[in-house]
Structures are given as C-alpha cells and as structure tokens.
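Asker: A single structure is presented below for examination.
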Amino acid sequence: MGKYERERGARFERMVAEILRKHGYEAERGCQHSGGKDSPDVKHNMGKYHLEAKFSEHFAVWSALAQAERDAGDDEVPIVVFKRNRSKVYAVLEFEELIEIIKKGTKQ
C-alpha cells in the first residue's frame, strides 16, 4: 500500500470517527501500529463493536471481514465500515448480529 492509500485510509478513519461524534458518541482514529485487538481503526464508546474502516474503489468484502473478525476481541462484534469515491458510507456485519441489534432497539 502506497503513501496515498494510507493517507486516504487515515482520512476515512477520521471521517468515521466524526460521523460517530455527530451522533453523540466519543470517537477517534485508533492507533495503527500493528493491527489487532488493541488497535482498532476507530476507537469509540458505542459498546462491544470492532470497527474496521476501508476506503476503496475495489472493496474486498471477504478479506475485510476476515481482518475485522481476526482483530475483534472475543466479546466484540466485527463491523466493516466502507466507502468509495463519491459514495455513501456503508457497513457490513454478520446478519445474526444485525438482528440482535435491531431486537435491542425495538419493543417486543
């Protein structure tokens, strides 16, 4: 990965943190020294979610999910947040986890 891609990735990580702050969460770009459980792309106070941020024109969903799952803590839900040029920001996570999140937010 070249310098331009790293800088673009860092800008996107800061953008994800800014979106979270806009919604009332504390968030900042994580430490990027080694990857893994102690260095998420975006640190936040939303709970047990590990955010992997990807800015790419050719998004490799399976490898991004594998990285998020590998880097997430045992009690964290891995989520990949992604976008490409001139697109909205999207997120992908395991469908069962999405259902659990929705159930928590709705009255049953």
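Residue numbers start at 1 in each chain; chains themselves are named A, B, ... in the order of the structure tokens; ligands are numbered from 1 in the order shown.
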Skipping near chain neighbours, those fewer than 6 positions away, what residues fall within 8 Å of region 10-22 of chain A using only C-alpha atoms, listed as a PyMOL selection string?
Answerer: chain A and resi 28-29+41-44+53-55+81
Asker: Name all residues at most 12 Å from Ala66 (chain A) (count only C-alpha atoms; drop same-chain ones fewer than 4 positions away) and give them as a ChimeraX atom specification.
Answerer: /A:36,52,60-62,70-72,78-80,92-94
Asker: As number ranges by chain, please: every residue in chain A that DSSP puts in helix (DSSP H, G or I).
Answerer: A: 3-22, 61-71, 95-105
Asker: Between CA of Asp75 (chain A) and CA of Lys104 (chain A), what is the distance in Å, rounded to a tenth?
Answerer: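 Calculated distance between CA of Asp75 (chain A) and CA of Lys104 (chain A) is 16.8 Å.
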Asker: From the list A:Asn45, A:Gly9, A:Phe59, A:Gly2, which residue is nearest Tyr90 (chain A) when using only C-alpha atoms?
Answerer: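 Ranking A:Asn45, A:Gly9, A:Phe59, A:Gly2 by distance to Tyr90 (chain A), first place goes to A:Phe59.
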Asker: Restricting the calculation to only C-alpha atoms: of A:His23, A:Tyr49, A:Ser56, A:Ala64, which residue gets closest to Met1 (chain A)?
Answerer: A:Ser56
Asker: Between CA of Ser63 (chain A) and CA of Phe95 (chain A), what is the distance in Å, rounded to a tenth?
Answerer: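 Interatomic distance here is 17.2 Å.
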Asker: Please identify which residues in region 11-97 of chain A DSSP calls strand (DSSP E) from the backbone, and express them as a PyMOL selection string.
Answerer: chain A and resi 27-29+42-44+49-55+77-83+90-92
Asker: How would the residues just chosen look if you wrote them out with C-alpha atoms as a compact mmCIF listing (two decimals), in the first residue's frame?
Answerer:
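This went into selection_14.txt:
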```txt
# COMPACT_ATOMS: atom_id res chain seq x y z
CA ALA A 27 -14.74 8.52 18.88
CA GLU A 28 -11.27 8.97 17.45
CA ARG A 29 -8.97 7.31 14.99
CA VAL A 42 -11.75 3.72 15.16
CA LYS A 43 -11.97 3.88 18.96
CA HIS A 44 -15.44 4.65 20.32
CA TYR A 49 -18.14 -3.31 18.34
CA HIS A 50 -14.85 -3.58 16.48
CA LEU A 51 -14.84 -1.16 13.53
CA GLU A 52 -12.65 -1.87 10.53
CA ALA A 53 -12.68 1.11 8.12
CA LYS A 54 -11.99 0.64 4.40
CA PHE A 55 -11.91 3.31 1.69
CA VAL A 77 -18.97 -7.67 17.06
CA PRO A 78 -16.78 -7.14 13.98
CA ILE A 79 -18.16 -4.48 11.62
CA VAL A 80 -16.59 -3.27 8.39
CA VAL A 81 -17.37 0.37 7.55
CA PHE A 82 -16.59 1.22 3.94
CA LYS A 83 -16.99 3.65 1.07
CA TYR A 90 -21.92 1.66 4.41
CA ALA A 91 -21.36 -1.07 6.99
CA VAL A 92 -21.37 -4.85 6.81
```
